[in-house]
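Visitor: This is final.txt (compact mmCIF, N, CA and C atoms).
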# COMPACT_ATOMS: atom_id res chain seq x y z
N MET D 20 82.52 147.55 139.00
CA MET D 20 81.98 146.20 139.12
C MET D 20 82.47 145.34 137.95
N LYS D 21 82.49 145.94 136.76
CA LYS D 21 82.93 145.17 135.59
C LYS D 21 84.39 144.79 135.70
N HIS D 22 85.21 145.69 136.27
CA HIS D 22 86.63 145.42 136.43
C HIS D 22 86.86 144.29 137.42
N LEU D 23 86.04 144.23 138.45
CA LEU D 23 86.15 143.17 139.45
C LEU D 23 85.81 141.82 138.83
N LEU D 24 84.72 141.78 138.07
CA LEU D 24 84.34 140.53 137.41
C LEU D 24 85.37 140.10 136.37
N LEU D 25 85.91 141.05 135.64
CA LEU D 25 86.94 140.74 134.65
C LEU D 25 88.20 140.21 135.33
N GLY D 26 88.57 140.84 136.43
CA GLY D 26 89.74 140.40 137.19
C GLY D 26 89.55 138.99 137.75
N MET D 27 88.36 138.71 138.26
CA MET D 27 88.08 137.37 138.79
C MET D 27 88.11 136.33 137.67
N ALA D 28 87.60 136.67 136.51
CA ALA D 28 87.61 135.73 135.38
C ALA D 28 89.03 135.45 134.93
N VAL D 29 89.87 136.49 134.88
CA VAL D 29 91.27 136.30 134.49
C VAL D 29 92.00 135.42 135.49
N VAL D 30 91.76 135.65 136.78
CA VAL D 30 92.40 134.83 137.82
C VAL D 30 91.96 133.37 137.70
N LEU D 31 90.69 133.12 137.45
CA LEU D 31 90.20 131.75 137.29
C LEU D 31 90.81 131.07 136.07
N ILE D 32 90.91 131.80 134.98
CA ILE D 32 91.48 131.23 133.76
C ILE D 32 92.96 130.91 133.95
N ILE D 33 93.69 131.80 134.56
CA ILE D 33 95.12 131.58 134.79
C ILE D 33 95.34 130.46 135.80
N SER D 34 94.50 130.36 136.82
CA SER D 34 94.68 129.29 137.80
C SER D 34 94.37 127.93 137.20
N GLY D 35 93.59 127.87 136.14
CA GLY D 35 93.30 126.60 135.47
C GLY D 35 94.50 126.02 134.77
N CYS D 36 95.51 126.84 134.48
CA CYS D 36 96.72 126.35 133.81
C CYS D 36 97.62 125.58 134.77
N GLY D 37 97.44 125.73 136.06
CA GLY D 37 98.31 125.08 137.03
C GLY D 37 97.78 123.76 137.54
N ILE D 38 96.69 123.27 136.98
CA ILE D 38 96.09 122.02 137.45
C ILE D 38 96.95 120.85 137.01
N GLU D 39 97.19 119.92 137.94
CA GLU D 39 97.94 118.72 137.61
C GLU D 39 97.10 117.83 136.70
N PRO D 40 97.75 116.94 135.95
CA PRO D 40 96.97 116.06 135.06
C PRO D 40 96.02 115.17 135.86
N TRP D 41 94.88 114.92 135.30
CA TRP D 41 93.88 114.10 135.98
C TRP D 41 94.29 112.64 136.02
N VAL D 42 94.97 112.19 134.98
CA VAL D 42 95.36 110.79 134.89
C VAL D 42 96.80 110.66 135.38
N LYS D 43 96.97 109.90 136.44
CA LYS D 43 98.30 109.68 137.00
C LYS D 43 99.04 108.65 136.14
N PRO D 44 100.36 108.67 136.16
CA PRO D 44 101.13 107.72 135.34
C PRO D 44 100.79 106.26 135.64
N TYR D 45 100.52 105.94 136.88
CA TYR D 45 100.20 104.55 137.22
C TYR D 45 98.76 104.18 136.84
N GLU D 46 97.92 105.15 136.48
CA GLU D 46 96.55 104.87 136.05
C GLU D 46 96.43 104.75 134.53
N ARG D 47 97.48 105.07 133.80
CA ARG D 47 97.41 105.05 132.35
C ARG D 47 97.28 103.65 131.79
N ALA D 48 97.70 102.66 132.55
CA ALA D 48 97.53 101.27 132.12
C ALA D 48 96.06 100.92 131.97
N ASN D 49 95.22 101.53 132.80
CA ASN D 49 93.78 101.28 132.70
C ASN D 49 93.21 101.83 131.39
N LEU D 50 93.74 102.97 130.94
CA LEU D 50 93.26 103.56 129.69
C LEU D 50 93.78 102.80 128.47
N ALA D 51 94.92 102.13 128.62
CA ALA D 51 95.49 101.37 127.51
C ALA D 51 94.87 99.98 127.39
N ASP D 52 93.97 99.64 128.28
CA ASP D 52 93.31 98.34 128.24
C ASP D 52 92.47 98.23 126.97
N PRO D 53 92.48 97.09 126.30
CA PRO D 53 91.70 96.94 125.06
C PRO D 53 90.21 97.19 125.25
N ILE D 54 89.69 97.01 126.45
CA ILE D 54 88.26 97.25 126.67
C ILE D 54 87.90 98.72 126.51
N MET D 55 88.90 99.61 126.59
CA MET D 55 88.66 101.05 126.45
C MET D 55 88.65 101.49 124.99
N SER D 56 88.85 100.57 124.08
CA SER D 56 88.88 100.89 122.66
C SER D 56 87.47 101.12 122.13
N PHE D 57 87.36 101.93 121.10
CA PHE D 57 86.06 102.17 120.47
C PHE D 57 85.64 101.00 119.59
N ASP D 58 86.60 100.20 119.17
CA ASP D 58 86.30 99.09 118.27
C ASP D 58 85.83 97.88 119.06
N ARG D 59 84.88 97.16 118.50
CA ARG D 59 84.44 95.93 119.15
C ARG D 59 85.46 94.82 118.95
N ASP D 60 86.06 94.78 117.77
CA ASP D 60 87.03 93.74 117.46
C ASP D 60 88.27 94.40 116.87
N PRO D 61 89.27 94.69 117.70
CA PRO D 61 90.44 95.42 117.20
C PRO D 61 91.22 94.66 116.13
N SER D 62 91.24 93.33 116.20
CA SER D 62 91.99 92.58 115.18
C SER D 62 91.29 92.67 113.82
N ALA D 63 89.97 92.66 113.81
CA ALA D 63 89.24 92.79 112.55
C ALA D 63 89.42 94.20 111.98
N THR D 64 89.41 95.21 112.84
CA THR D 64 89.62 96.58 112.39
C THR D 64 91.02 96.74 111.81
N SER D 65 92.00 96.12 112.45
CA SER D 65 93.37 96.17 111.94
C SER D 65 93.45 95.53 110.56
N TYR D 66 92.77 94.41 110.36
CA TYR D 66 92.77 93.73 109.06
C TYR D 66 92.08 94.60 108.00
N ILE D 67 90.95 95.17 108.34
CA ILE D 67 90.23 96.02 107.39
C ILE D 67 91.08 97.22 107.00
N ASN D 68 91.77 97.83 107.97
CA ASN D 68 92.66 98.95 107.67
C ASN D 68 93.81 98.52 106.76
N HIS D 69 94.34 97.32 106.99
CA HIS D 69 95.42 96.81 106.16
C HIS D 69 94.95 96.62 104.71
N VAL D 70 93.78 96.03 104.55
CA VAL D 70 93.24 95.81 103.20
C VAL D 70 92.96 97.15 102.53
N HIS D 71 92.39 98.07 103.26
CA HIS D 71 92.09 99.40 102.69
C HIS D 71 93.37 100.10 102.25
N GLU D 72 94.40 100.05 103.12
CA GLU D 72 95.65 100.72 102.77
C GLU D 72 96.30 100.07 101.56
N SER D 73 96.29 98.72 101.49
CA SER D 73 96.95 98.11 100.35
C SER D 73 96.21 98.38 99.05
N ARG D 74 94.92 98.52 99.10
CA ARG D 74 94.18 98.83 97.87
C ARG D 74 94.32 100.30 97.49
N GLU D 75 94.20 101.17 98.48
CA GLU D 75 94.23 102.60 98.18
C GLU D 75 95.64 103.09 97.86
N LEU D 76 96.66 102.49 98.46
CA LEU D 76 98.02 102.93 98.19
C LEU D 76 98.46 102.58 96.78
N SER D 77 97.82 101.61 96.18
CA SER D 77 98.20 101.26 94.82
C SER D 77 97.83 102.37 93.85
N ARG D 78 96.87 103.21 94.20
CA ARG D 78 96.52 104.33 93.33
C ARG D 78 96.96 105.67 93.90
N GLY D 79 97.64 105.65 95.07
CA GLY D 79 98.22 106.87 95.61
C GLY D 79 97.26 107.76 96.36
N ALA D 80 96.19 107.22 96.92
CA ALA D 80 95.21 108.05 97.62
C ALA D 80 95.61 108.36 99.05
N GLU D 81 96.39 107.52 99.66
CA GLU D 81 96.80 107.72 101.05
C GLU D 81 98.26 108.13 101.09
N SER D 82 98.68 108.66 102.22
CA SER D 82 100.08 109.06 102.36
C SER D 82 100.83 107.97 103.11
N GLY D 83 101.38 107.04 102.38
CA GLY D 83 102.15 105.96 102.97
C GLY D 83 102.92 105.25 101.90
N GLN D 84 103.75 104.32 102.33
CA GLN D 84 104.53 103.59 101.35
C GLN D 84 103.87 102.27 101.05
N GLY D 85 104.21 101.71 99.94
CA GLY D 85 103.70 100.39 99.58
C GLY D 85 102.72 100.47 98.42
N GLY D 86 101.98 99.45 98.28
CA GLY D 86 101.00 99.38 97.21
C GLY D 86 100.75 97.93 96.89
N GLY D 87 99.91 97.70 95.95
CA GLY D 87 99.61 96.34 95.56
C GLY D 87 98.14 96.18 95.32
N CYS D 88 97.77 94.93 95.13
CA CYS D 88 96.39 94.64 94.77
C CYS D 88 95.51 94.36 95.99
N GLY D 89 96.08 94.21 97.16
CA GLY D 89 95.30 93.92 98.35
C GLY D 89 94.98 92.45 98.50
N CYS D 90 95.74 91.60 97.84
CA CYS D 90 95.44 90.17 97.87
C CYS D 90 96.25 89.43 98.92
N ASN D 91 96.95 90.10 99.79
CA ASN D 91 97.72 89.37 100.80
C ASN D 91 96.96 89.23 102.08
Here is the file; what I need is its structure written in the form of structure tokens.

Guide:
Amino acid sequence: MKHLLLGMAVVLIISGCGIEPWVKPYERANLADPIMSFDRDPSATSYINHVHESRELSRGAESGQGGGCGCN
């Protein structure tokens, strides 16, 4: 009985690898819509990230190029 259950579990696990992607290529535009973003205001988030990077990169805390005082 245990061998039968183990065999069925292995078959189910292996058959899960053959599933086609849930999101079709023509449906990906819906996921790229700004309304699907976690941020309420993507432009404000982009600005905050820019200010954070310019301040933190001046002391070498992040892995990126640049630096400065964050006054731009």

Visitor: One decimal, Å: what's the distance from CA of Glu46 (chain D) over to atom N of Thr64 (chain D), could you say?

Guide: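 So the answer is 26.1 Å.
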
Visitor: Give me the box for region 45-54 of chain D as AutoDock Vina command-line options, namely the centre and edge lengths in Å to one decimal of a box along x, y and z that holds every listed atom plus 3 Å on each side.

Guide:
--center_x 94.2 --center_y 101.4 --center_z 131.1 --size_x 18.6 --size_y 15.0 --size_z 18.2

Visitor: Rounded to one decimal, what separation in Å do you get between CA of Ile33 (chain D) and atom N of Tyr45 (chain D)?

Guide: 26.3 Å

Visitor: Between CA of Pro53 (chain D) and atom N of Asn68 (chain D), measure the distance and give it in Å to one decimal.

Guide: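 The value is 17.1 Å.
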